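Chemist: Below is target25.txt; it holds compact mmCIF, C-alpha atoms.
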# COMPACT_ATOMS: atom_id res chain seq x y z
CA MET M 1 11.00 -21.97 41.85
CA SER M 2 9.04 -18.71 41.63
CA THR M 3 6.16 -18.34 39.23
CA PRO M 4 7.13 -16.13 36.27
CA SER M 5 5.28 -12.83 36.12
CA LEU M 6 3.75 -10.98 33.23
CA PRO M 7 6.15 -8.38 31.80
CA LEU M 8 4.13 -5.32 32.88
CA GLU M 9 3.18 -6.42 36.38
CA GLY M 10 3.81 -3.56 38.79
CA ILE M 11 3.09 -0.92 36.13
CA THR M 12 0.10 1.34 36.81
CA VAL M 13 -1.69 3.06 33.93
CA VAL M 14 -4.29 5.80 34.31
CA ALA M 15 -6.36 6.43 31.20
CA VAL M 16 -8.84 9.17 30.35
CA GLU M 17 -10.06 7.40 27.27
CA GLN M 18 -13.02 6.81 25.00
CA ALA M 19 -13.99 5.02 21.78
CA VAL M 20 -11.24 2.73 20.39
CA SER M 21 -7.75 4.19 19.93
CA ALA M 22 -6.73 4.74 23.57
CA PRO M 23 -8.85 1.91 25.03
CA PHE M 24 -7.38 -0.65 22.62
CA ALA M 25 -3.85 0.57 23.44
CA THR M 26 -4.36 0.31 27.19
CA ARG M 27 -6.04 -3.09 26.84
CA GLN M 28 -2.77 -4.40 25.39
CA LEU M 29 -1.01 -3.10 28.51
CA ALA M 30 -3.60 -4.73 30.78
CA ASP M 31 -3.26 -8.06 28.96
CA LEU M 32 0.49 -7.97 29.70
CA GLY M 33 -0.06 -7.42 33.41
CA ALA M 34 -0.35 -3.67 33.90
CA ARG M 35 -2.97 -2.26 36.23
CA VAL M 36 -5.17 0.01 34.11
CA ILE M 37 -7.50 2.47 35.83
CA LYS M 38 -10.01 3.77 33.29
CA ILE M 39 -11.50 7.19 34.04
CA GLU M 40 -15.11 7.49 32.84
CA ARG M 41 -17.90 10.06 33.07
CA PRO M 42 -20.44 9.24 35.81
CA ASP M 43 -23.32 9.90 33.37
CA GLY M 44 -22.87 7.00 30.97
CA GLY M 45 -19.11 6.54 30.91
CA ASP M 46 -17.12 5.88 27.76
CA PHE M 47 -19.59 6.53 24.94
CA ALA M 48 -18.47 3.29 23.28
CA ARG M 49 -20.57 1.55 25.96
CA GLY M 50 -23.59 2.66 23.93
CA TYR M 51 -22.48 1.78 20.40
CA ASP M 52 -24.55 -1.41 20.23
CA THR M 53 -25.88 -4.27 22.34
CA ALA M 54 -24.54 -7.14 20.23
CA ALA M 55 -22.33 -8.75 22.90
CA ALA M 56 -25.05 -10.32 25.08
CA GLY M 57 -26.51 -6.86 25.66
CA LEU M 58 -23.16 -5.10 25.93
CA ALA M 59 -21.41 -3.06 23.25
CA SER M 60 -19.07 -5.16 21.11
CA HIS M 61 -16.47 -2.38 20.79
CA PHE M 62 -16.40 -1.91 24.55
CA VAL M 63 -16.07 -5.61 25.34
CA TRP M 64 -13.23 -5.89 22.81
CA CYS M 65 -11.22 -2.91 24.07
CA ASN M 66 -11.73 -2.80 27.83
CA ARG M 67 -11.18 -6.14 29.51
CA GLY M 68 -8.89 -6.29 32.50
CA LYS M 69 -9.41 -2.66 33.54
CA GLU M 70 -10.76 -0.90 36.61
CA SER M 71 -13.53 1.62 36.00
CA LEU M 72 -13.43 4.82 38.04
CA ALA M 73 -16.43 7.05 37.31
CA VAL M 74 -15.55 10.66 38.11
CA ASP M 75 -16.64 14.04 36.74
CA LEU M 76 -13.65 15.86 35.27
CA LYS M 77 -15.65 19.07 35.02
CA ASP M 78 -15.70 19.28 38.82
CA PRO M 79 -12.45 20.42 40.53
CA ARG M 80 -12.89 17.64 43.08
CA GLY M 81 -12.96 15.10 40.28
CA ILE M 82 -9.82 16.53 38.68
CA GLU M 83 -8.09 16.38 42.03
CA VAL M 84 -8.84 12.65 42.28
CA VAL M 85 -7.28 12.06 38.86
CA ARG M 86 -4.22 14.16 39.71
CA ARG M 87 -3.66 12.10 42.85
CA LEU M 88 -3.89 8.92 40.80
CA VAL M 89 -1.48 10.22 38.18
CA ALA M 90 1.05 11.15 40.87
CA GLY M 91 1.42 7.46 41.67
CA ALA M 92 1.15 6.12 38.13
CA ASP M 93 3.77 5.00 35.63
CA VAL M 94 1.77 5.78 32.49
CA PHE M 95 -1.03 8.19 31.62
CA VAL M 96 -2.98 7.90 28.36
CA GLN M 97 -5.63 10.24 26.97
CA ASN M 98 -7.50 10.67 23.69
CA LEU M 99 -9.85 13.53 24.47
CA ALA M 100 -10.73 16.05 21.78
CA GLN M 101 -7.78 18.25 20.85
CA GLY M 102 -7.20 20.88 23.56
CA ALA M 103 -9.52 19.31 26.15
CA ALA M 104 -6.73 17.60 28.11
CA ALA M 105 -4.66 20.80 28.19
CA ARG M 106 -7.62 22.75 29.58
CA LEU M 107 -7.84 20.18 32.37
CA GLY M 108 -4.09 20.17 32.96
CA LEU M 109 -3.93 16.55 31.81
CA ASP M 110 -1.86 16.96 28.64
CA ALA M 111 1.42 15.10 28.40
CA ALA M 112 3.64 18.18 28.59
CA THR M 113 2.03 19.46 31.79
CA LEU M 114 1.97 16.08 33.51
CA CYS M 115 5.54 15.15 32.58
CA ALA M 116 6.83 18.50 33.84
CA ALA M 117 5.25 17.75 37.20
CA HIS M 118 6.20 14.06 37.28
CA PRO M 119 9.54 13.38 35.54
CA ARG M 120 9.21 9.57 35.73
CA LEU M 121 5.72 9.58 34.21
CA ILE M 122 5.15 8.43 30.64
CA ALA M 123 2.22 10.45 29.29
CA VAL M 124 0.58 9.63 25.96
CA ASP M 125 -1.49 12.09 23.93
CA ILE M 126 -3.47 10.40 21.14
CA SER M 127 -5.07 12.79 18.69
CA GLY M 128 -6.60 12.70 15.24
CA TYR M 129 -4.15 14.91 13.41
CA GLY M 130 -1.48 15.99 15.89
CA ALA M 131 -1.07 18.99 18.18
CA GLY M 132 -0.20 21.51 15.46
CA GLY M 133 -1.04 22.28 11.87
CA PRO M 134 -4.27 23.34 10.15
CA TYR M 135 -6.05 20.06 11.02
CA ALA M 136 -5.19 20.03 14.73
CA HIS M 137 -8.74 20.83 15.88
CA LYS M 138 -10.58 18.98 13.14
CA ARG M 139 -12.89 16.18 14.30
CA ALA M 140 -11.21 12.85 13.76
CA TYR M 141 -13.41 9.79 13.75
CA ASP M 142 -12.01 6.60 12.29
CA MET M 143 -13.72 6.68 8.90
CA LEU M 144 -12.87 10.36 8.44
CA VAL M 145 -9.20 9.60 9.02
CA GLN M 146 -9.38 6.60 6.68
CA CYS M 147 -10.48 9.08 4.01
CA GLU M 148 -7.86 11.70 4.85
CA ALA M 149 -5.08 9.07 4.88
CA GLY M 150 -6.05 7.78 1.44
CA LEU M 151 -6.97 4.27 2.60
CA VAL M 152 -10.48 4.55 1.17
CA SER M 153 -9.06 5.62 -2.21
CA VAL M 154 -7.17 2.33 -2.62
CA THR M 155 -9.82 0.03 -1.11
CA GLY M 156 -12.78 -1.32 -3.03
CA THR M 157 -13.57 -1.95 -6.67
CA PRO M 158 -12.64 0.14 -9.72
CA GLU M 159 -16.15 1.62 -9.58
CA GLN M 160 -16.53 2.13 -5.83
CA PRO M 161 -14.08 3.14 -3.10
CA VAL M 162 -14.95 1.69 0.31
CA LYS M 163 -13.75 2.04 3.88
CA ALA M 164 -11.99 -0.80 5.64
CA GLY M 165 -14.39 -3.07 7.52
CA ILE M 166 -12.50 -2.53 10.78
CA PRO M 167 -11.55 0.79 12.47
CA ALA M 168 -8.13 0.81 10.85
CA ALA M 169 -7.14 4.35 11.90
CA ASP M 170 -8.07 3.72 15.52
CA ILE M 171 -6.23 0.39 15.56
CA ALA M 172 -3.12 1.86 13.93
CA ALA M 173 -2.96 4.67 16.51
CA ALA M 174 -3.60 2.20 19.34
CA MET M 175 -0.77 -0.10 18.33
CA TYR M 176 1.71 2.78 17.96
CA ALA M 177 0.62 4.08 21.37
CA PHE M 178 1.14 0.61 22.84
CA SER M 179 4.60 0.23 21.32
CA GLY M 180 5.43 3.84 22.23
CA VAL M 181 4.68 3.11 25.88
CA LEU M 182 6.86 0.00 25.81
CA ALA M 183 9.73 1.98 24.25
CA ALA M 184 9.33 4.76 26.82
CA LEU M 185 9.36 2.24 29.68
CA LEU M 186 12.66 0.87 28.36
CA ARG M 187 14.05 4.41 28.11
CA ARG M 188 12.95 5.16 31.66
CA ALA M 189 14.64 2.00 32.90
CA THR M 190 17.99 3.33 31.66
CA THR M 191 17.57 7.08 32.18
CA GLY M 192 15.12 7.28 35.08
CA ARG M 193 12.93 9.68 33.12
CA GLY M 194 9.60 9.13 31.40
CA GLY M 195 8.36 11.80 29.04
CA PRO M 196 5.62 12.59 26.55
CA VAL M 197 4.54 10.26 23.75
CA GLU M 198 2.56 11.78 20.87
CA ILE M 199 0.44 9.66 18.54
CA SER M 200 -1.61 10.91 15.59
CA MET M 201 -4.25 8.75 13.93
CA LEU M 202 -3.49 10.33 10.54
CA GLU M 203 0.26 9.73 10.82
CA SER M 204 -0.29 6.18 12.06
CA LEU M 205 -2.54 5.23 9.18
CA ALA M 206 -0.43 7.14 6.64
CA GLU M 207 2.49 4.94 7.71
CA TRP M 208 0.34 1.86 7.05
CA MET M 209 -0.29 3.23 3.56
CA GLY M 210 3.36 2.46 2.84
CA HIS M 211 3.05 0.35 -0.34
CA PRO M 212 0.46 2.43 -2.22
CA LEU M 213 1.99 5.66 -0.91
CA HIS M 214 5.48 4.81 -2.11
CA HIS M 215 4.09 3.33 -5.32
CA GLY M 216 2.30 6.59 -6.01
CA MET M 217 5.06 8.95 -4.88
CA HIS M 218 7.84 7.19 -6.74
CA GLY M 219 6.02 5.39 -9.53
CA GLY M 220 3.86 8.23 -10.73
CA GLU M 221 0.41 6.89 -9.83
CA ALA M 222 -1.30 5.00 -7.01
CA PRO M 223 -2.20 1.33 -7.49
CA PRO M 224 -5.73 0.95 -8.85
CA ARG M 225 -8.59 -0.41 -6.75
CA THR M 226 -9.04 -4.06 -7.69
CA GLY M 227 -11.46 -5.52 -5.13
CA VAL M 228 -9.81 -8.62 -3.68
CA ALA M 229 -7.54 -8.93 -6.71
CA HIS M 230 -3.93 -7.77 -6.53
CA ALA M 231 -3.11 -4.63 -8.49
CA VAL M 232 0.17 -5.90 -9.99
CA ILE M 233 0.01 -9.72 -9.76
CA ALA M 234 -2.23 -12.18 -11.67
CA PRO M 235 -3.84 -14.49 -10.93
CA TYR M 236 -4.31 -13.19 -7.39
CA ASP M 237 -8.03 -13.06 -6.69
CA ALA M 238 -11.01 -14.90 -5.21
CA TYR M 239 -12.95 -17.30 -7.41
CA PRO M 240 -16.38 -18.91 -6.79
CA THR M 241 -16.54 -22.66 -6.22
CA ALA M 242 -19.30 -25.16 -6.99
CA ASP M 243 -20.68 -25.27 -3.43
CA GLY M 244 -21.15 -21.51 -3.06
CA GLY M 245 -17.80 -20.75 -1.45
CA GLN M 246 -14.92 -18.67 -2.72
CA VAL M 247 -11.23 -19.53 -2.87
CA LEU M 248 -8.50 -16.96 -3.12
CA LEU M 249 -5.29 -18.04 -4.80
CA SER M 250 -2.01 -16.29 -5.46
CA VAL M 251 0.53 -17.06 -8.15
CA GLN M 252 3.74 -15.26 -7.22
CA ASN M 253 5.97 -16.21 -10.15
CA ASP M 254 5.96 -17.86 -13.56
CA ARG M 255 7.08 -21.24 -12.24
CA GLU M 256 3.97 -21.32 -10.06
CA TRP M 257 1.84 -20.38 -13.04
CA ARG M 258 3.15 -23.37 -14.95
CA ARG M 259 2.35 -25.66 -12.00
CA LEU M 260 -1.14 -24.18 -11.74
CA ALA M 261 -1.76 -24.66 -15.46
CA GLU M 262 -0.55 -28.26 -15.42
CA GLN M 263 -1.69 -29.63 -12.05
CA VAL M 264 -4.86 -27.64 -11.30
CA LEU M 265 -6.24 -26.30 -14.57
CA GLY M 266 -5.27 -29.42 -16.54
CA ARG M 267 -4.03 -27.20 -19.38
CA PRO M 268 -0.23 -27.46 -19.43
CA GLU M 269 -0.04 -25.61 -22.75
CA LEU M 270 -1.00 -22.37 -20.93
CA GLY M 271 2.33 -22.48 -19.08
CA ASP M 272 4.20 -21.30 -22.17
CA ASP M 273 1.38 -19.46 -23.95
CA PRO M 274 2.62 -15.87 -24.57
CA THR M 275 -0.72 -14.54 -23.28
CA PHE M 276 -0.07 -16.08 -19.85
CA ALA M 277 3.59 -17.10 -19.59
CA THR M 278 4.79 -14.05 -17.61
CA ASN M 279 3.20 -12.05 -14.83
CA THR M 280 3.37 -8.93 -17.00
CA ALA M 281 1.39 -10.75 -19.70
CA ARG M 282 -1.11 -12.16 -17.22
CA VAL M 283 -1.76 -8.73 -15.73
CA ALA M 284 -2.13 -7.25 -19.23
CA HIS M 285 -4.64 -10.03 -20.04
CA ARG M 286 -6.19 -10.19 -16.57
CA ASP M 287 -9.71 -10.91 -17.90
CA LYS M 288 -8.50 -13.96 -19.83
CA THR M 289 -6.31 -15.13 -16.94
CA ASP M 290 -9.17 -14.89 -14.47
CA ALA M 291 -11.56 -16.59 -16.87
CA VAL M 292 -9.45 -19.74 -17.27
CA VAL M 293 -8.89 -20.03 -13.52
CA ALA M 294 -12.54 -19.33 -12.71
CA GLU M 295 -13.75 -21.96 -15.18
CA THR M 296 -11.85 -24.71 -13.40
CA LEU M 297 -12.65 -23.67 -9.82
CA ALA M 298 -16.35 -23.23 -10.61
CA ALA M 299 -16.56 -26.99 -11.19
CA LEU M 300 -14.90 -27.88 -7.86
CA GLY M 301 -16.15 -27.77 -4.29
CA THR M 302 -14.26 -25.47 -1.94
CA ALA M 303 -12.47 -28.26 -0.10
CA GLU M 304 -11.47 -29.99 -3.35
CA ALA M 305 -10.20 -26.72 -4.84
CA ILE M 306 -8.08 -26.04 -1.75
CA GLU M 307 -6.75 -29.60 -1.82
CA ARG M 308 -5.72 -29.36 -5.48
CA LEU M 309 -4.09 -25.96 -5.07
CA GLU M 310 -2.13 -27.01 -2.00
CA ALA M 311 -0.99 -30.23 -3.69
CA ALA M 312 0.38 -28.06 -6.51
CA GLY M 313 2.13 -25.73 -4.07
CA ILE M 314 -0.11 -22.77 -4.89
CA ALA M 315 -0.86 -20.34 -2.05
CA CYS M 316 -4.58 -20.27 -1.35
CA ALA M 317 -7.20 -19.47 1.26
CA ARG M 318 -10.91 -19.72 1.85
CA LEU M 319 -12.73 -16.40 1.74
CA ASN M 320 -14.14 -16.79 5.25
CA THR M 321 -17.05 -15.06 6.90
CA VAL M 322 -16.87 -13.68 10.44
CA ALA M 323 -18.64 -16.85 11.61
CA ASP M 324 -16.01 -18.94 9.85
CA VAL M 325 -13.25 -17.13 11.71
CA ALA M 326 -14.98 -17.75 15.04
CA ALA M 327 -14.94 -21.47 14.19
CA HIS M 328 -11.52 -21.48 12.48
CA PRO M 329 -9.80 -24.84 12.94
CA GLN M 330 -6.35 -23.27 13.27
CA LEU M 331 -7.41 -21.01 16.12
CA ALA M 332 -9.09 -23.97 17.81
CA ALA M 333 -6.06 -26.22 17.32
CA ARG M 334 -3.81 -23.59 18.89
CA ASP M 335 -6.22 -23.14 21.82
CA ARG M 336 -6.59 -19.40 21.23
CA TRP M 337 -10.04 -18.94 22.79
CA ARG M 338 -10.81 -18.05 26.41
CA GLU M 339 -13.77 -16.67 28.33
CA VAL M 340 -13.83 -13.16 29.77
CA ASP M 341 -16.13 -12.16 32.61
CA THR M 342 -18.65 -9.36 31.99
CA ALA M 343 -21.79 -8.05 33.61
CA ALA M 344 -23.70 -10.12 31.04
CA GLY M 345 -21.84 -13.30 31.97
CA PRO M 346 -18.76 -14.91 30.42
CA LEU M 347 -18.05 -14.03 26.80
CA ARG M 348 -15.68 -15.74 24.38
CA ALA M 349 -12.57 -13.77 23.48
CA MET M 350 -9.32 -14.51 21.70
CA LEU M 351 -5.95 -14.59 23.40
CA PRO M 352 -3.75 -11.62 22.43
CA PRO M 353 -1.43 -12.45 19.52
CA ILE M 354 1.72 -11.71 21.56
CA THR M 355 2.79 -15.15 22.84
CA LEU M 356 5.63 -15.43 25.36
CA PRO M 357 6.47 -19.14 25.50
CA GLY M 358 7.41 -20.32 28.97
CA GLY M 359 5.70 -17.37 30.63
CA PRO M 360 2.20 -16.98 32.05
CA GLU M 361 -0.76 -16.39 29.80
CA PRO M 362 -1.88 -12.82 29.21
CA ARG M 363 -4.22 -11.55 31.90
CA MET M 364 -7.65 -11.45 30.27
CA GLY M 365 -9.51 -9.77 33.11
CA ALA M 366 -13.16 -8.86 33.38
CA VAL M 367 -14.84 -6.11 31.38
CA PRO M 368 -15.77 -3.56 34.06
CA SER M 369 -19.21 -2.13 34.67
CA LEU M 370 -19.30 1.66 34.87
CA GLY M 371 -17.83 2.78 38.20
CA ALA M 372 -17.27 -0.78 39.41
CA HIS M 373 -14.00 0.21 41.08
CA THR M 374 -14.74 3.77 42.18
CA GLU M 375 -15.08 2.93 45.87
CA ALA M 376 -12.01 0.71 45.94
CA VAL M 377 -9.77 3.19 44.13
CA LEU M 378 -10.85 6.16 46.25
CA THR M 379 -10.42 4.12 49.42
CA GLU M 380 -6.92 3.21 48.24
CA LEU M 381 -6.21 6.93 47.73
CA GLY M 382 -7.22 7.56 51.32
CA VAL M 383 -10.43 9.48 50.55
CA PRO M 384 -12.56 9.22 53.73
CA GLU M 385 -15.90 7.44 53.63
CA GLU M 386 -17.86 10.62 54.41
CA THR M 387 -16.11 12.44 51.57
CA ARG M 388 -16.86 9.59 49.17
CA ALA M 389 -20.50 9.72 50.17
CA GLU M 390 -20.58 13.48 49.63
CA LEU M 391 -18.97 13.17 46.20
CA ARG M 392 -21.47 10.49 45.24
CA ARG M 393 -24.45 12.62 46.37
CA ALA M 394 -23.07 15.53 44.34
CA GLY M 395 -22.73 13.36 41.23
CA VAL M 396 -18.96 13.83 41.10
CA ILE M 397 -18.44 10.08 41.28
CA ALA M 398 -20.53 7.06 40.45
Could you write out this file's structure as structure tokens?
Modeler:
Amino acid sequence: MSTPSLPLEGITVVAVEQAVSAPFATRQLADLGARVIKIERPDGGDFARGYDTAAAGLASHFVWCNRGKESLAVDLKDPRGIEVVRRLVAGADVFVQNLAQGAAARLGLDAATLCAAHPRLIAVDISGYGAGGPYAHKRAYDMLVQCEAGLVSVTGTPEQPVKAGIPAADIAAAMYAFSGVLAALLRRATTGRGGPVEISMLESLAEWMGHPLHHGMHGGEAPPRTGVAHAVIAPYDAYPTADGGQVLLSVQNDREWRRLAEQVLGRPELGDDPTFATNTARVAHRDKTDAVVAETLAALGTAEAIERLEAAGIACARLNTVADVAAHPQLAARDRWREVDTAAGPLRAMLPPITLPGGPEPRMGAVPSLGAHTEAVLTELGVPEETRAELRRAGVIA
């Protein structure tokens, strides 16, 4: 019986990528078995390599987004470097780029140009705001797009809007690029043709704004910022516990409120009290609702509070820190942690969330050093040794 293969084995991806949006998209492809050749500048490579040194001396963003890839360091400003990339693209299934708007077109590496030359190629252009319109050439870093998409306006407290603590615009664009490639591969399997895929960070994150956007467009106003509380449900918030933790609980309907009042708060009379009996009343009297819940939980340890809430059938969660997530018992019980090789030694990383039962595990390959695969890739392309040496002396490759 043959060993099952990963779904994207045999697919070759060439990526001129930097930062998060394109690298995170192509990492998903690599995890599922695709060969991903990452094109980097010889003088430092992807600038995300220099964001920090938190991952055992390596940049945490880079380690997260670039495992399982081959690094080819080549200067795209040199015609000889562009020629190398064009030769790679000619044999590739997918090309992905997220250069500044217009840069790929100047190099002849935009999706329209490449797909015209290679009809089976799937070519992905990831941009901040899209190819047209008044914002097309506007700089588009993650936090800027979070602001433009309105995410910051609905995140935070009534007094202070805040950005999301993760690069939400980059991640949104990455996941639509990933799913766009998968859709295009399916289309090619039936039609024989690839084609361009366009992804905009703004449009990706605006789609993720679905609830507040529709609430505002159709309801007359956007939901207010409420911290970790829910704008239209109460109680739905985090409450301090006696041992310094916080427990978030959610009451979704009036039956649950009555159970909470009786079994957790020990005040069954609140179940039918007009101030609290309906969600509309609880939201209108949110301060009083929160006060009665907070009073009870403040006298309980975190574990005891969780135990009581779960026994009463009330949805709840610990408000975990990043360290808590790294030690989360559910992730450990489901064996979700692996080690990934890097230049700094093996580093812990989480299995991708796409699980294909009965198939092989995702391929969590090494995080490449800059130019680690330049020689091998150029040799594979048939570039003679003397030419490789000349290109290296000229700084065209590294």
Chemist: Of the candidates M:Leu144, M:Val94, M:Ala111, M:Leu265, which shows the shortest atom-to-atom distance to Gly128 (chain M), using only C-alpha atoms?
Modeler: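 Closest candidate: M:Leu144.
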Chemist: What gap, in Å, lies between CA of Val383 (chain M) and CA of Ala116 (chain M)?
Modeler: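 Between these atoms lies a distance of 25.7 Å.
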Chemist: With 10 Å as the threshold, what does the neighbourhood of (-3.4, -30.8, -6.2) contain in terms of residues, counting only C-alpha atoms? Coordinates are those of the file; answer as a tab-separated table (two decimals) with C-alpha atoms, in the frame of the given file.
Modeler:
chain	number	residue	atom	x	y	z
M	259	ARG	CA	2.35	-25.66	-12.00
M	260	LEU	CA	-1.14	-24.18	-11.74
M	262	GLU	CA	-0.55	-28.26	-15.42
M	263	GLN	CA	-1.69	-29.63	-12.05
M	264	VAL	CA	-4.86	-27.64	-11.30
M	265	LEU	CA	-6.24	-26.30	-14.57
M	304	GLU	CA	-11.47	-29.99	-3.35
M	305	ALA	CA	-10.20	-26.72	-4.84
M	306	ILE	CA	-8.08	-26.04	-1.75
M	307	GLU	CA	-6.75	-29.60	-1.82
M	308	ARG	CA	-5.72	-29.36	-5.48
M	309	LEU	CA	-4.09	-25.96	-5.07
M	310	GLU	CA	-2.13	-27.01	-2.00
M	311	ALA	CA	-0.99	-30.23	-3.69
M	312	ALA	CA	0.38	-28.06	-6.51
M	313	GLY	CA	2.13	-25.73	-4.07
M	314	ILE	CA	-0.11	-22.77	-4.89
Chemist: With all atoms listed in the file as the basis for distance, which of M:His137, M:Arg86, M:Arg282, M:Lys77 is at the shortest distance from Ala100 (chain M)?
Modeler: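 With all atoms listed in the file as the atom set, the closest residue is M:His137.
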Chemist: Using all atoms listed in the file, find the one residue out of M:Pro274, M:Pro240, M:Pro79, M:Gly210 that sits nearest to Ala294 (chain M).
Modeler: M:Pro240
Chemist: Record the distance separating CA of Gly359 (chain M) and CA of Pro7 (chain M), expressed in Å with one decimal.
Modeler: 9.1 Å
Chemist: Counting only C-alpha atoms, which of M:Pro368, M:Gly165, M:Gly245, M:Gly358 gets nearest to Thr302 (chain M)?
Modeler: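 Among the listed residues, M:Gly245 lies closest to Thr302 (chain M).
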Chemist: Take CA of Glu198 (chain M) and CA of Ser127 (chain M) and report the distance between them in Å, one decimal.
Modeler: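 Calculated distance between CA of Glu198 (chain M) and CA of Ser127 (chain M) is 8.0 Å.
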Chemist: Using all atoms listed in the file, which residues sit within 8 Å of Ala372 (chain M) once same-chain residues fewer than 2 positions away are excluded, as a ChimeraX atom specification?
Modeler: /M:70-72,368-370,374-375
Chemist: Could you pull the residues within 12 Å of Gly57 (chain M), counting all atoms listed in the file, minus those fewer than 3 positions along the same chain, as a VMD selection string?
Modeler: chain M and resid 49 to 54 60 62 to 63 342 to 345 347
Chemist: How would the residues just chosen look if you wrote them out with C-alpha atoms as a PDB file, keeping the file's coordinate frame?
Modeler:
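Everything below was put into result_20.pdb:
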ATOM      1  CA  ARG M  49     -20.570   1.550  25.960  1.00  0.00           C
ATOM      2  CA  GLY M  50     -23.590   2.660  23.930  1.00  0.00           C
ATOM      3  CA  TYR M  51     -22.480   1.780  20.400  1.00  0.00           C
ATOM      4  CA  ASP M  52     -24.550  -1.410  20.230  1.00  0.00           C
ATOM      5  CA  THR M  53     -25.880  -4.270  22.340  1.00  0.00           C
ATOM      6  CA  ALA M  54     -24.540  -7.140  20.230  1.00  0.00           C
ATOM      7  CA  SER M  60     -19.070  -5.160  21.110  1.00  0.00           C
ATOM      8  CA  PHE M  62     -16.400  -1.910  24.550  1.00  0.00           C
ATOM      9  CA  VAL M  63     -16.070  -5.610  25.340  1.00  0.00           C
ATOM     10  CA  THR M 342     -18.650  -9.360  31.990  1.00  0.00           C
ATOM     11  CA  ALA M 343     -21.790  -8.050  33.610  1.00  0.00           C
ATOM     12  CA  ALA M 344     -23.700 -10.120  31.040  1.00  0.00           C
ATOM     13  CA  GLY M 345     -21.840 -13.300  31.970  1.00  0.00           C
ATOM     14  CA  LEU M 347     -18.050 -14.030  26.800  1.00  0.00           C
TER      15      LEU M 347
END
Chemist: Which residue out of M:Leu8, M:Met201, M:Leu32, M:Val154 has the minimum interatomic distance to Glu361 (chain M) when all atoms listed in the file are used?
Modeler: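 Under the stated criterion, the closest residue is M:Leu32.
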Chemist: Can you pull out every residue within 8 Å of region 217-231 of chain M, counting all atoms listed in the file, but drop anything in the same chain fewer than 4 positions away, and send it as a ChimeraX atom specification?
Modeler: /M:153-158,161,212-213,235-238
Chemist: Go through M:Asn320, M:Asn279, M:Gln97, M:Thr241 and flag the residue nearest Trp257 (chain M), using only C-alpha atoms for the distances.
Modeler: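 So, comparing all the options, the nearest one is M:Asn279.
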Chemist: Within 12 Å of (-8.1, 9.9, 3.1) (file coordinates; only C-alpha atoms), which protein or nucleic acid residues are there? I'd like them as a PDB file with C-alpha atoms, in the coordinates of the input.
Modeler:
ATOM      1  CA  ALA M 140     -11.210  12.850  13.760  1.00  0.00           C
ATOM      2  CA  TYR M 141     -13.410   9.790  13.750  1.00  0.00           C
ATOM      3  CA  ASP M 142     -12.010   6.600  12.290  1.00  0.00           C
ATOM      4  CA  MET M 143     -13.720   6.680   8.900  1.00  0.00           C
ATOM      5  CA  LEU M 144     -12.870  10.360   8.440  1.00  0.00           C
ATOM      6  CA  VAL M 145      -9.200   9.600   9.020  1.00  0.00           C
ATOM      7  CA  GLN M 146      -9.380   6.600   6.680  1.00  0.00           C
ATOM      8  CA  CYS M 147     -10.480   9.080   4.010  1.00  0.00           C
ATOM      9  CA  GLU M 148      -7.860  11.700   4.850  1.00  0.00           C
ATOM     10  CA  ALA M 149      -5.080   9.070   4.880  1.00  0.00           C
ATOM     11  CA  GLY M 150      -6.050   7.780   1.440  1.00  0.00           C
ATOM     12  CA  LEU M 151      -6.970   4.270   2.600  1.00  0.00           C
ATOM     13  CA  VAL M 152     -10.480   4.550   1.170  1.00  0.00           C
ATOM     14  CA  SER M 153      -9.060   5.620  -2.210  1.00  0.00           C
ATOM     15  CA  VAL M 154      -7.170   2.330  -2.620  1.00  0.00           C
ATOM     16  CA  THR M 155      -9.820   0.030  -1.110  1.00  0.00           C
ATOM     17  CA  PRO M 161     -14.080   3.140  -3.100  1.00  0.00           C
ATOM     18  CA  VAL M 162     -14.950   1.690   0.310  1.00  0.00           C
ATOM     19  CA  LYS M 163     -13.750   2.040   3.880  1.00  0.00           C
ATOM     20  CA  ALA M 164     -11.990  -0.800   5.640  1.00  0.00           C
ATOM     21  CA  ALA M 168      -8.130   0.810  10.850  1.00  0.00           C
ATOM     22  CA  ALA M 169      -7.140   4.350  11.900  1.00  0.00           C
ATOM     23  CA  MET M 201      -4.250   8.750  13.930  1.00  0.00           C
ATOM     24  CA  LEU M 202      -3.490  10.330  10.540  1.00  0.00           C
ATOM     25  CA  GLU M 203       0.260   9.730  10.820  1.00  0.00           C
ATOM     26  CA  LEU M 205      -2.540   5.230   9.180  1.00  0.00           C
ATOM     27  CA  ALA M 206      -0.430   7.140   6.640  1.00  0.00           C
ATOM     28  CA  MET M 209      -0.290   3.230   3.560  1.00  0.00           C
ATOM     29  CA  LEU M 213       1.990   5.660  -0.910  1.00  0.00           C
TER      30      LEU M 213
END
Chemist: Give me the residues near Asp272 (chain M) as a PyMOL selection string, where near means some atom within 10 Å (using all atoms listed in the file) and where sequence neighbours in that chain fewer than 6 positions away do not count.
Modeler: chain M and resi 254+257-258+261+278
Chemist: Would you pick out the contacts of Arg27 (chain M) at 7 Å or less, using only C-alpha atoms, so that residues sharing its chain but fewer than 6 positions from it are not included, and give the list as an mmCIF file with C-alpha atoms, keeping the file's coordinate frame?
Modeler:
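Result file selection37.cif:
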data_model
loop_
_atom_site.group_PDB
_atom_site.id
_atom_site.type_symbol
_atom_site.label_atom_id
_atom_site.label_comp_id
_atom_site.auth_asym_id
_atom_site.auth_seq_id
_atom_site.Cartn_x
_atom_site.Cartn_y
_atom_site.Cartn_z
ATOM 1 C CA CYS M 65 -11.220 -2.910 24.070
ATOM 2 C CA ASN M 66 -11.730 -2.800 27.830
ATOM 3 C CA ARG M 67 -11.180 -6.140 29.510
#
